[in-house]
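Raw input.cif, mmCIF, C-alpha atoms:
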data_data
loop_
_atom_site.label_atom_id
_atom_site.label_comp_id
_atom_site.auth_asym_id
_atom_site.auth_seq_id
_atom_site.Cartn_x
_atom_site.Cartn_y
_atom_site.Cartn_z
CA MET A 1 -171.78 251.13 -135.75
CA ARG A 2 -168.89 251.70 -133.41
CA ARG A 3 -171.15 253.34 -130.84
CA ALA A 4 -173.50 250.37 -130.82
CA LEU A 5 -170.58 248.03 -130.25
CA LEU A 6 -169.35 250.03 -127.20
CA HIS A 7 -172.85 250.04 -125.73
CA ARG A 8 -173.10 246.23 -125.96
CA ARG A 9 -169.70 245.82 -124.23
CA HIS A 10 -170.79 248.13 -121.37
CA VAL A 11 -174.01 246.16 -120.85
CA ALA A 12 -172.16 242.84 -120.87
CA SER A 13 -169.59 244.12 -118.32
CA SER A 14 -172.37 245.32 -115.99
CA LEU A 15 -174.15 241.96 -116.18
CA ARG A 16 -170.93 240.09 -115.28
CA ARG A 17 -170.37 242.27 -112.16
CA VAL A 18 -173.93 241.67 -110.96
CA TYR A 19 -173.69 237.93 -111.51
CA THR A 20 -170.30 237.74 -109.75
CA ALA A 21 -171.64 239.64 -106.72
CA ARG A 22 -174.64 237.31 -106.35
CA THR A 23 -172.78 234.01 -106.82
CA ALA A 24 -169.63 234.79 -104.82
CA PRO A 25 -169.55 233.23 -101.25
CA ARG A 26 -170.25 235.68 -98.47
CA PRO A 27 -167.59 236.16 -95.78
CA PRO A 28 -168.51 234.74 -92.30
CA ARG A 29 -170.49 237.15 -90.17
CA GLN A 30 -168.47 238.52 -87.30
CA THR A 31 -170.32 237.92 -84.00
CA ARG A 32 -169.12 239.10 -80.61
CA ARG A 33 -170.21 237.36 -77.46
CA PRO A 34 -171.38 239.84 -74.80
CA GLN A 35 -169.06 240.12 -71.83
CA PRO A 36 -170.53 239.39 -68.36
CA VAL A 37 -171.21 242.46 -66.28
CA GLU A 38 -170.39 242.44 -62.56
CA PRO A 39 -173.42 243.35 -60.36
CA ALA A 40 -171.30 245.74 -58.34
CA SER A 41 -170.59 247.71 -61.51
CA LEU A 42 -174.32 248.39 -61.99
CA VAL A 43 -175.02 249.66 -58.46
CA GLY A 44 -173.18 252.40 -56.67
CA LYS A 45 -170.69 253.01 -59.53
CA PRO A 46 -171.80 256.03 -61.51
CA SER A 47 -170.39 256.64 -64.94
CA SER A 48 -167.59 259.08 -65.37
CA ALA A 49 -169.85 261.31 -67.42
CA ASN A 50 -172.36 261.78 -64.57
CA LYS A 51 -169.88 261.66 -61.74
CA SER A 52 -170.13 264.80 -59.62
CA PRO A 53 -167.17 266.17 -57.70
CA ALA A 54 -166.93 264.93 -54.08
CA ALA A 55 -168.27 267.34 -51.49
CA PRO A 56 -165.58 268.84 -49.32
CA PRO A 57 -165.50 267.56 -45.70
CA SER A 58 -167.56 269.54 -43.24
CA SER A 59 -165.61 272.38 -41.72
CA PHE A 60 -167.81 272.37 -38.58
CA ALA A 61 -166.64 268.98 -37.22
CA PRO A 62 -163.35 270.27 -35.77
CA TRP A 63 -165.20 273.13 -34.10
CA ILE A 64 -167.79 270.80 -32.58
CA PHE A 65 -165.19 268.39 -31.20
CA GLY A 66 -163.13 271.29 -29.98
CA ALA A 67 -166.10 272.77 -28.14
CA LEU A 68 -166.90 269.41 -26.52
CA ALA A 69 -163.31 268.95 -25.45
CA ALA A 70 -163.19 272.48 -24.04
CA GLY A 71 -166.44 271.92 -22.14
CA LEU A 72 -165.22 268.63 -20.71
CA GLY A 73 -161.94 270.22 -19.72
CA PHE A 74 -163.70 273.12 -18.03
CA TYR A 75 -166.02 270.75 -16.15
CA SER A 76 -163.07 268.63 -15.04
CA LEU A 77 -161.24 271.72 -13.84
CA GLN A 78 -164.25 272.90 -11.83
CA LEU A 79 -164.66 269.42 -10.36
CA TYR A 80 -161.00 269.34 -9.37
CA LEU A 81 -161.21 272.76 -7.74
CA ALA A 82 -164.36 271.77 -5.85
CA ALA A 83 -162.80 268.52 -4.69
CA SER A 84 -159.59 270.21 -3.54
CA GLN A 85 -161.39 272.74 -1.35
CA PRO A 86 -162.05 271.81 2.27
CA CYS A 87 -165.64 271.86 3.45
CA HIS A 88 -166.34 275.14 5.22
CA ASN A 89 -169.39 273.81 7.06
CA THR A 90 -168.36 270.59 8.77
CA ARG A 91 -171.93 269.92 9.95
CA ILE A 92 -173.54 270.22 6.51
CA ALA A 93 -174.06 266.45 6.33
CA ASP A 94 -175.74 266.39 9.74
CA LEU A 95 -179.53 266.07 9.48
CA ALA A 96 -179.99 268.52 12.35
CA ALA A 97 -178.15 271.19 10.35
CA GLN A 98 -180.19 270.69 7.17
CA LYS A 99 -183.29 272.85 6.92
CA ASP A 100 -186.58 271.60 5.52
CA VAL A 101 -186.75 272.40 1.79
CA ALA A 102 -189.78 270.29 0.83
CA GLU A 103 -191.85 273.38 -0.06
CA ARG A 104 -189.46 274.08 -2.91
CA TYR A 105 -191.30 271.50 -5.04
CA ASP A 106 -194.43 273.67 -5.06
CA TYR A 107 -192.53 276.14 -7.23
CA THR A 108 -190.54 273.73 -9.40
CA ALA A 109 -193.29 271.24 -10.29
CA ALA A 110 -193.92 272.67 -13.76
CA SER A 111 -190.24 272.67 -14.75
CA PHE A 112 -189.03 269.69 -12.72
CA ASP A 113 -189.03 267.14 -15.56
CA SER A 114 -187.09 269.43 -17.89
CA GLU A 115 -184.53 270.14 -15.15
CA VAL A 116 -183.72 266.51 -14.36
CA GLY A 117 -184.75 264.72 -17.54
CA LEU A 118 -181.50 265.01 -19.50
CA SER A 119 -179.21 264.18 -16.58
CA GLU A 120 -181.28 261.10 -15.62
CA LEU A 121 -181.25 259.93 -19.23
CA LEU A 122 -177.48 260.29 -19.60
CA MET A 123 -176.81 258.63 -16.22
CA GLY A 124 -179.15 255.71 -16.88
CA VAL A 125 -181.46 256.57 -13.98
CA ASN A 126 -184.51 255.87 -16.13
CA GLY A 127 -183.36 252.27 -16.47
CA LEU A 128 -183.03 251.98 -12.69
CA ARG A 129 -186.54 253.39 -12.29
CA LYS A 130 -187.90 250.83 -14.73
CA LYS A 131 -186.24 247.87 -13.01
CA LEU A 132 -187.59 248.99 -9.65
CA ALA A 133 -191.13 249.63 -10.89
CA GLN A 134 -191.25 246.26 -12.64
CA LYS A 135 -190.78 244.58 -9.24
CA CYS A 136 -193.97 246.11 -7.83
CA HIS A 137 -196.89 243.73 -7.37
CA GLY A 138 -200.32 243.56 -5.77
CA GLU A 139 -201.60 246.68 -4.03
CA VAL A 140 -198.96 249.32 -4.80
CA LEU A 141 -198.38 252.75 -3.25
CA GLU A 142 -195.79 255.19 -4.56
CA VAL A 143 -194.72 257.58 -1.82
CA SER A 144 -193.32 261.02 -2.71
CA CYS A 145 -194.48 260.39 -6.28
CA GLY A 146 -193.48 263.85 -7.52
CA THR A 147 -194.32 264.41 -11.18
CA GLY A 148 -194.78 260.69 -11.81
CA ARG A 149 -191.46 259.88 -13.43
CA ASN A 150 -192.14 256.14 -12.88
CA LEU A 151 -195.58 256.11 -14.49
CA GLY A 152 -194.64 254.36 -17.71
CA TYR A 153 -192.72 251.52 -16.05
CA TYR A 154 -195.28 249.69 -13.87
CA ASP A 155 -196.55 246.25 -14.87
CA ILE A 156 -200.16 247.28 -15.50
CA GLY A 157 -200.77 246.06 -19.05
CA GLY A 158 -202.92 243.03 -19.80
CA GLY A 159 -204.84 240.58 -17.69
CA ASP A 160 -201.73 238.94 -16.22
CA ALA A 161 -200.22 242.21 -14.97
CA LYS A 162 -198.77 241.99 -11.45
CA VAL A 163 -200.19 245.30 -10.18
CA GLU A 164 -203.75 245.21 -8.81
CA SER A 165 -204.02 248.85 -7.75
CA LEU A 166 -201.76 251.86 -8.07
CA GLY A 167 -201.77 254.81 -5.68
CA PHE A 168 -199.69 258.00 -5.79
CA ILE A 169 -199.21 260.36 -2.86
CA ASP A 170 -197.12 263.50 -2.46
CA LEU A 171 -197.00 266.45 -0.11
CA SER A 172 -197.03 268.95 -2.99
CA PRO A 173 -200.41 269.40 -4.73
CA GLN A 174 -198.61 270.93 -7.71
CA MET A 175 -196.54 267.78 -8.13
CA VAL A 176 -199.62 265.56 -7.89
CA GLU A 177 -201.35 267.68 -10.53
CA VAL A 178 -198.44 267.20 -12.95
CA CYS A 179 -198.51 263.47 -12.20
CA GLN A 180 -202.21 263.27 -13.06
CA LYS A 181 -201.71 265.15 -16.32
CA LYS A 182 -198.88 262.82 -17.25
CA TRP A 183 -201.11 259.80 -16.64
CA ALA A 184 -203.78 261.33 -18.88
CA THR A 185 -201.18 261.83 -21.60
CA LEU A 186 -199.86 258.28 -21.38
CA PHE A 187 -203.07 256.34 -20.76
CA GLY A 188 -205.94 258.78 -21.31
CA ASN A 189 -206.94 257.67 -24.82
CA LYS A 190 -209.27 254.75 -25.43
CA MET A 191 -206.67 252.55 -27.13
CA ALA A 192 -204.22 252.89 -24.21
CA GLN A 193 -206.96 252.19 -21.66
CA GLN A 194 -207.93 249.00 -23.45
CA LYS A 195 -204.38 247.72 -22.92
CA LEU A 196 -204.50 248.27 -19.15
CA LYS A 197 -205.28 245.48 -16.73
CA PRO A 198 -209.07 245.13 -16.38
CA GLY A 199 -210.26 246.49 -13.04
CA LEU A 200 -207.01 248.35 -12.31
CA LYS A 201 -207.68 250.87 -9.53
CA LEU A 202 -205.90 254.19 -9.72
CA ARG A 203 -205.68 256.98 -7.11
CA PHE A 204 -203.87 260.32 -6.85
CA MET A 205 -203.62 261.72 -3.32
CA THR A 206 -202.16 264.83 -1.72
CA GLY A 207 -200.81 264.34 1.78
CA SER A 208 -197.80 263.76 3.97
CA ALA A 209 -196.12 260.38 3.96
CA LEU A 210 -195.08 261.02 7.57
CA GLY A 211 -198.64 260.60 8.86
CA ASP A 212 -201.62 258.36 8.27
CA MET A 213 -202.04 257.38 4.63
CA PRO A 214 -205.13 255.79 3.07
CA LEU A 215 -205.28 252.02 2.99
CA ALA A 216 -205.27 250.10 -0.28
CA PRO A 217 -208.59 249.88 -2.20
CA ASN A 218 -209.16 246.40 -0.78
CA GLY A 219 -209.14 247.85 2.75
CA LYS A 220 -205.81 246.29 3.67
CA LYS A 221 -202.22 247.47 3.81
CA TYR A 222 -199.99 247.52 0.77
CA ASP A 223 -198.05 244.69 -0.84
CA THR A 224 -195.49 247.07 -2.33
CA ILE A 225 -194.47 250.57 -1.31
CA VAL A 226 -192.02 252.29 -3.63
CA GLN A 227 -190.21 255.59 -3.34
CA THR A 228 -187.70 257.18 -5.71
CA MET A 229 -185.57 260.16 -4.66
CA GLY A 230 -187.65 260.91 -1.57
CA LEU A 231 -185.43 260.42 1.48
CA CYS A 232 -183.31 263.35 0.33
CA SER A 233 -186.20 265.81 0.35
CA THR A 234 -187.78 265.23 3.75
CA ALA A 235 -186.63 266.62 7.08
CA GLU A 236 -187.30 263.25 8.75
CA PRO A 237 -186.07 260.44 6.48
CA ALA A 238 -185.90 257.77 9.19
CA GLU A 239 -189.46 258.54 10.34
CA LEU A 240 -190.65 258.46 6.72
CA LEU A 241 -189.23 254.99 6.18
CA ALA A 242 -190.70 253.78 9.48
CA ASN A 243 -194.12 255.08 8.43
CA MET A 244 -193.82 253.25 5.12
CA ALA A 245 -193.20 250.06 7.11
CA ARG A 246 -196.34 250.71 9.17
CA HIS A 247 -198.41 250.85 5.97
CA LEU A 248 -196.84 247.70 4.53
CA ASP A 249 -198.70 244.38 4.85
CA THR A 250 -196.06 242.68 6.96
CA SER A 251 -198.23 239.56 7.23
CA ASN A 252 -197.32 238.93 3.58
CA PRO A 253 -193.78 237.51 3.33
CA ASP A 254 -193.62 238.76 -0.28
CA ALA A 255 -194.35 242.37 0.70
CA ARG A 256 -191.62 244.78 -0.33
CA ILE A 257 -190.39 248.34 0.16
CA LEU A 258 -188.38 249.50 -2.86
CA LEU A 259 -186.15 252.56 -2.76
CA LEU A 260 -184.13 254.50 -5.33
CA GLU A 261 -182.17 257.29 -3.63
CA HIS A 262 -179.11 259.46 -4.06
CA GLY A 263 -176.66 260.43 -1.33
CA ARG A 264 -173.05 260.29 -0.24
CA SER A 265 -170.39 258.47 -2.22
CA TYR A 266 -167.75 256.02 -1.05
CA LEU A 267 -165.10 258.42 -2.39
CA PRO A 268 -163.92 261.12 0.05
CA TRP A 269 -163.08 263.66 -2.67
CA LEU A 270 -166.56 263.32 -4.20
CA ASN A 271 -168.16 263.76 -0.78
CA ARG A 272 -166.26 267.04 -0.44
CA VAL A 273 -167.80 268.17 -3.72
CA LEU A 274 -171.27 267.17 -2.50
CA ASP A 275 -170.82 268.88 0.87
CA ASN A 276 -169.55 272.12 -0.66
CA SER A 277 -172.51 272.38 -3.02
CA ALA A 278 -175.22 270.72 -0.89
CA GLU A 279 -176.75 273.87 0.58
CA LYS A 280 -177.06 275.67 -2.74
CA HIS A 281 -178.41 272.53 -4.40
CA ALA A 282 -181.03 272.10 -1.68
CA GLU A 283 -182.22 275.70 -2.07
CA LEU A 284 -182.54 275.33 -5.84
CA HIS A 285 -183.87 271.77 -6.20
CA GLY A 286 -185.33 270.89 -2.81
CA CYS A 287 -183.14 267.93 -1.89
CA TRP A 288 -180.05 267.21 0.19
CA PHE A 289 -177.88 264.94 -1.92
CA ASN A 290 -175.11 264.50 0.65
CA ARG A 291 -176.96 262.31 3.16
CA GLU A 292 -175.65 258.94 4.32
CA ILE A 293 -178.54 256.99 2.81
CA GLY A 294 -177.20 253.53 3.64
CA GLU A 295 -176.93 254.31 7.32
CA LEU A 296 -180.41 255.85 7.40
CA VAL A 297 -182.04 252.86 5.70
CA GLU A 298 -180.30 250.23 7.81
CA LYS A 299 -181.16 251.99 11.06
CA ALA A 300 -184.81 252.51 10.11
CA ALA A 301 -185.13 248.92 8.88
CA LEU A 302 -183.78 247.54 12.16
CA GLN A 303 -186.31 249.60 14.13
CA SER A 304 -189.25 248.72 11.86
CA GLY A 305 -189.06 244.94 11.61
CA LEU A 306 -187.54 245.01 8.12
CA GLU A 307 -184.45 243.47 6.61
CA VAL A 308 -182.43 244.58 3.59
CA VAL A 309 -182.78 242.01 0.81
CA SER A 310 -180.45 243.79 -1.58
CA GLU A 311 -178.45 247.01 -1.72
CA ARG A 312 -176.78 248.25 -4.90
CA ARG A 313 -174.86 251.43 -5.60
CA HIS A 314 -174.22 253.24 -8.88
CA HIS A 315 -172.51 256.40 -10.12
CA LEU A 316 -169.49 256.18 -7.81
CA GLY A 317 -171.74 255.20 -4.94
CA THR A 318 -174.03 258.25 -5.05
CA THR A 319 -177.10 256.36 -6.31
CA TRP A 320 -178.60 253.75 -3.98
CA VAL A 321 -181.11 250.99 -4.78
CA PHE A 322 -182.70 249.06 -1.89
CA GLU A 323 -185.13 246.19 -1.59
CA LEU A 324 -186.52 245.57 1.90
CA LYS A 325 -188.92 242.94 3.23
CA PRO A 326 -190.46 242.07 6.61
CA THR A 327 -188.33 239.84 8.80
CA ASP A 328 -189.56 236.31 9.44
CA GLY A 329 -190.36 237.29 13.02
CA ALA A 330 -192.35 240.31 11.86
CA VAL A 331 -194.35 238.16 9.43
CA LYS A 332 -195.28 235.62 12.11
CA LYS A 333 -196.30 238.25 14.62
CA ALA A 334 -198.30 240.22 12.04
CA GLN A 335 -200.11 237.02 11.07
CA ALA A 336 -200.89 236.55 14.76
CA GLY A 337 -202.45 240.00 14.84
CA LEU A 338 -199.81 241.70 16.97
CA PRO A 339 -199.31 245.42 16.26
CA LEU A 340 -196.01 246.73 14.95
CA ALA A 341 -195.01 248.23 18.31
CA ALA A 342 -195.52 244.90 20.01
CA THR A 343 -193.56 243.21 17.24
CA GLN A 344 -190.60 245.52 17.76
CA GLN A 345 -190.64 245.07 21.55
CA THR A 346 -190.86 241.32 21.27
CA GLU A 347 -187.97 241.17 18.81
CA LYS A 348 -185.83 243.38 21.03
CA GLY A 349 -186.49 241.04 23.96
CA GLN A 350 -185.46 237.96 22.01
#
Can the structure from this file be put into structure tokens for me?
Amino acid sequence: MRRALLHRRHVASSLRRVYTARTAPRPPRQTRRPQPVEPASLVGKPSSANKSPAAPPSSFAPWIFGALAAGLGFYSLQLYLAASQPCHNTRIADLAAQKDVAERYDYTAASFDSEVGLSELLMGVNGLRKKLAQKCHGEVLEVSCGTGRNLGYYDIGGGDAKVESLGFIDLSPQMVEVCQKKWATLFGNKMAQQKLKPGLKLRFMTGSALGDMPLAPNGKKYDTIVQTMGLCSTAEPAELLANMARHLDTSNPDARILLLEHGRSYLPWLNRVLDNSAEKHAELHGCWFNREIGELVEKAALQSGLEVVSERRHHLGTTWVFELKPTDGAVKKAQAGLPLAATQQTEKGQ
């Protein structure tokens, strides 16, 4: 009897707990609003768990800068020593004392571009070549073309290109061969040829620019004659420039002779450096880089019925850029059919 009474009490107590749990009000649910995340924290900010230790700074940088500084210091020292030494051969800048070294290019043609490529790039000579070549128009002849270092700069692309024909001539057959191969590399494929001016005439010729040169493909003289780094490598620079004038169409007032040359500086100490190393440089590279280019060009222009339109100098005066055109008197007399010799005599008499 007592056991049955305890059982009923236990059941009743359990039922009350269940009822109380179901009917009692629930506490409010705790909600937490998400915090905004900065975009910068998602990108470029790895978690601390995946963060790898920073790499130590390169130990080679001080050595590299040290080597460059040492090289620059050594070069400056050598330049100072060369500039402080008097020239042992006082006639080394005289054309009569400079031997003909033009044949040297027959042996250096294959390696010429690699020898001068880096120095011309660092000195900005390629930009000067491009500006000069972009001025060429009409029937164009490049004298002393060498390995064709101006090939990629002429205005020959598209129907409105300024160049009608392009001729290259050099005394060295090895140089002309390299020039032809370079053209084939640049413009030999079908896609490149389709971009060229339709009907563009191209010629590669071996011969001396001191003698008779072929006329333009149209049977006339040239509208533009260009030469880069050529007056330094010939034994007769004045005669070379005069011959260029004879092959220029002086009846065309827009005809031009364009020159990019290197020679003496306007700084005496630098000229001493050039004079002291000129002979060795000529034997190795085939050019005399200590010539008074400005004087040569002005004298030849005066004798050939030309006038200097512009003259610019770069690299402490050692790089010269010239633009020459026929004088007004030369244009009128050429249009009248007078030969160049008669033009010169008539102008001298005026």
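A straight line drawn from atom CA of A:Tyr266 to atom CA of A:Gly317 is 5.6 Å long.
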**Message:** Please compute the atom CA of A:Gly148-atom CA of A:Lys181 distance, one decimal, in Å.
**Reply:** 9.4 Å
**Request:** Please indicate the distance in Å from atom CA of A:Val321 to atom CA of A:Leu258, rounded to one decimal place.
**Result:**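 Taking atom CA of A:Val321 and atom CA of A:Leu258, their separation equals 7.7 Å.
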Tell me which residues come within 6 Å of (-204.8, 246.5, -3.6), as a compact mmCIF listing (two decimals) with C-alpha atoms, in the frame of the given file, counting only C-alpha atoms in the file's coordinates.
# COMPACT_ATOMS: atom_id res chain seq x y z
CA GLY A 138 -200.32 243.56 -5.77
CA GLU A 139 -201.60 246.68 -4.03
CA GLU A 164 -203.75 245.21 -8.81
CA SER A 165 -204.02 248.85 -7.75
CA ALA A 216 -205.27 250.10 -0.28
CA PRO A 217 -208.59 249.88 -2.20
CA ASN A 218 -209.16 246.40 -0.78
**Request:** Compare A:Gly230, A:Gly127, A:Pro214, A:Gly188 by their minimum atom-to-atom distance to A:Gly167, counting all atoms listed in the file, and give me the closest one.
**Result:**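 For A:Gly167, the nearest of the candidates is A:Pro214.
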**Request:** Considering all atoms listed in the file, state which residue in the set A:Pro339, A:Gly117, A:Gly124, A:Pro326 is at the smallest distance from A:Thr250.
**Result:**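 For A:Thr250, the nearest of the candidates is A:Pro326.
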**Asked** Written as an NGL selection string, what is the full residue list that the PyMOL selection byres ((chain A and resi 286) around 12) yields on the file shown?
**Response** :A and (98-109 or 112 or 146 or 172 or 229-235 or 278-285 or 287-289)
Export of prior selection with C-alpha atoms as a PDB file, in the frame of the given file:
ATOM      1  CA  GLN A  98    -180.190 270.690   7.170  1.00  0.00           C
ATOM      2  CA  LYS A  99    -183.290 272.850   6.920  1.00  0.00           C
ATOM      3  CA  ASP A 100    -186.580 271.600   5.520  1.00  0.00           C
ATOM      4  CA  VAL A 101    -186.750 272.400   1.790  1.00  0.00           C
ATOM      5  CA  ALA A 102    -189.780 270.290   0.830  1.00  0.00           C
ATOM      6  CA  GLU A 103    -191.850 273.380  -0.060  1.00  0.00           C
ATOM      7  CA  ARG A 104    -189.460 274.080  -2.910  1.00  0.00           C
ATOM      8  CA  TYR A 105    -191.300 271.500  -5.040  1.00  0.00           C
ATOM      9  CA  ASP A 106    -194.430 273.670  -5.060  1.00  0.00           C
ATOM     10  CA  TYR A 107    -192.530 276.140  -7.230  1.00  0.00           C
ATOM     11  CA  THR A 108    -190.540 273.730  -9.400  1.00  0.00           C
ATOM     12  CA  ALA A 109    -193.290 271.240 -10.290  1.00  0.00           C
ATOM     13  CA  PHE A 112    -189.030 269.690 -12.720  1.00  0.00           C
ATOM     14  CA  GLY A 146    -193.480 263.850  -7.520  1.00  0.00           C
ATOM     15  CA  SER A 172    -197.030 268.950  -2.990  1.00  0.00           C
ATOM     16  CA  MET A 229    -185.570 260.160  -4.660  1.00  0.00           C
ATOM     17  CA  GLY A 230    -187.650 260.910  -1.570  1.00  0.00           C
ATOM     18  CA  LEU A 231    -185.430 260.420   1.480  1.00  0.00           C
ATOM     19  CA  CYS A 232    -183.310 263.350   0.330  1.00  0.00           C
ATOM     20  CA  SER A 233    -186.200 265.810   0.350  1.00  0.00           C
ATOM     21  CA  THR A 234    -187.780 265.230   3.750  1.00  0.00           C
ATOM     22  CA  ALA A 235    -186.630 266.620   7.080  1.00  0.00           C
ATOM     23  CA  ALA A 278    -175.220 270.720  -0.890  1.00  0.00           C
ATOM     24  CA  GLU A 279    -176.750 273.870   0.580  1.00  0.00           C
ATOM     25  CA  LYS A 280    -177.060 275.670  -2.740  1.00  0.00           C
ATOM     26  CA  HIS A 281    -178.410 272.530  -4.400  1.00  0.00           C
ATOM     27  CA  ALA A 282    -181.030 272.100  -1.680  1.00  0.00           C
ATOM     28  CA  GLU A 283    -182.220 275.700  -2.070  1.00  0.00           C
ATOM     29  CA  LEU A 284    -182.540 275.330  -5.840  1.00  0.00           C
ATOM     30  CA  HIS A 285    -183.870 271.770  -6.200  1.00  0.00           C
ATOM     31  CA  CYS A 287    -183.140 267.930  -1.890  1.00  0.00           C
ATOM     32  CA  TRP A 288    -180.050 267.210   0.190  1.00  0.00           C
ATOM     33  CA  PHE A 289    -177.880 264.940  -1.920  1.00  0.00           C
TER      34      PHE A 289
END
**Message:** I want to know what sits within 12 Å of A:Thr90, based on all atoms listed in the file, with residues of the same chain fewer than 3 positions away left out; could you give that as number ranges by chain?
**Reply:** A: 86-87, 93-94, 97-98, 271-272, 275-276, 278
**Request:** Check which residues satisfy the PyMOL selection byres ((chain A and resi 320) around 10) in the file shown, then give them as a count of residues only.
**Result:** 22
**Request:** Please write as JSON, numbers by chain the full residue list that the PyMOL selection byres ((chain A and resi 249) around 6) yields on this file.
**Result:** {"A": [221, 222, 223, 248, 250, 251, 252]}
Can you write out the residues you just picked, keeping C-alpha atoms, as a PDB file, in the coordinates of the input?
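Written file, result-v1.pdb:
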ATOM      1  CA  LYS A 221    -202.220 247.470   3.810  1.00  0.00           C
ATOM      2  CA  TYR A 222    -199.990 247.520   0.770  1.00  0.00           C
ATOM      3  CA  ASP A 223    -198.050 244.690  -0.840  1.00  0.00           C
ATOM      4  CA  LEU A 248    -196.840 247.700   4.530  1.00  0.00           C
ATOM      5  CA  THR A 250    -196.060 242.680   6.960  1.00  0.00           C
ATOM      6  CA  SER A 251    -198.230 239.560   7.230  1.00  0.00           C
ATOM      7  CA  ASN A 252    -197.320 238.930   3.580  1.00  0.00           C
TER       8      ASN A 252
END
For stretch 278-288 of chain A, take all atoms listed in the file, fit an axis-aligned box around them, add 6 Å to each of the six sides, then output centre and edge lengths in Å rounded to one decimal, as JSON.
{"center_x": -180.3, "center_y": 271.5, "center_z": -2.8, "size_x": 22.1, "size_y": 20.5, "size_z": 18.8}
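Closest to A:Val331 among A:Asn126, A:Thr185, A:Asn290, A:Ser304 is A:Ser304, based on only C-alpha atoms.
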**Contact residues around A:Leu200 with only C-alpha atoms at 10 Å, ignoring same-chain residues under 4 positions, as a list in words** = Ile156, Gly157, Gly159, Ala161, Val163, Glu164, Ser165, Leu166 and Leu196 of chain A
**Message:** I'd like to know which of A:Leu186, A:Ile92, A:Met213, A:Val176 is closest to A:Val273, using all atoms listed in the file.
**Reply:** A:Ile92
**Prompt:** What lies within 12 Å of A:Leu302 using all atoms listed in the file, ignoring chain neighbours under 2 positions off, as a list in words?
**Reply:**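 Listed by chain and then number, they are Ala238, Leu241, Ala242, Ala245, Glu295, Leu296, Val297, Glu298, Lys299, Ala300, Ser304, Gly305, Leu306, Glu307, Val308, Leu324, Lys325, Pro326, Thr327, Ala330, Thr343, Gln344, Gln345, Glu347 and Lys348 of chain A.
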**Asked** So which one's closest to A:Phe204, A:Asn189, A:Thr224, A:Gln174, A:Gln180? Using all atoms listed in the file, please.
**Response** A:Gln180
**Request:** Measuring atom to atom with only C-alpha atoms, identify which of A:Ala336, A:Asp155, A:His88, A:Pro173 is nearest to A:Lys195.
**Result:**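 Ranked by minimum distance to A:Lys195, first place goes to A:Asp155.
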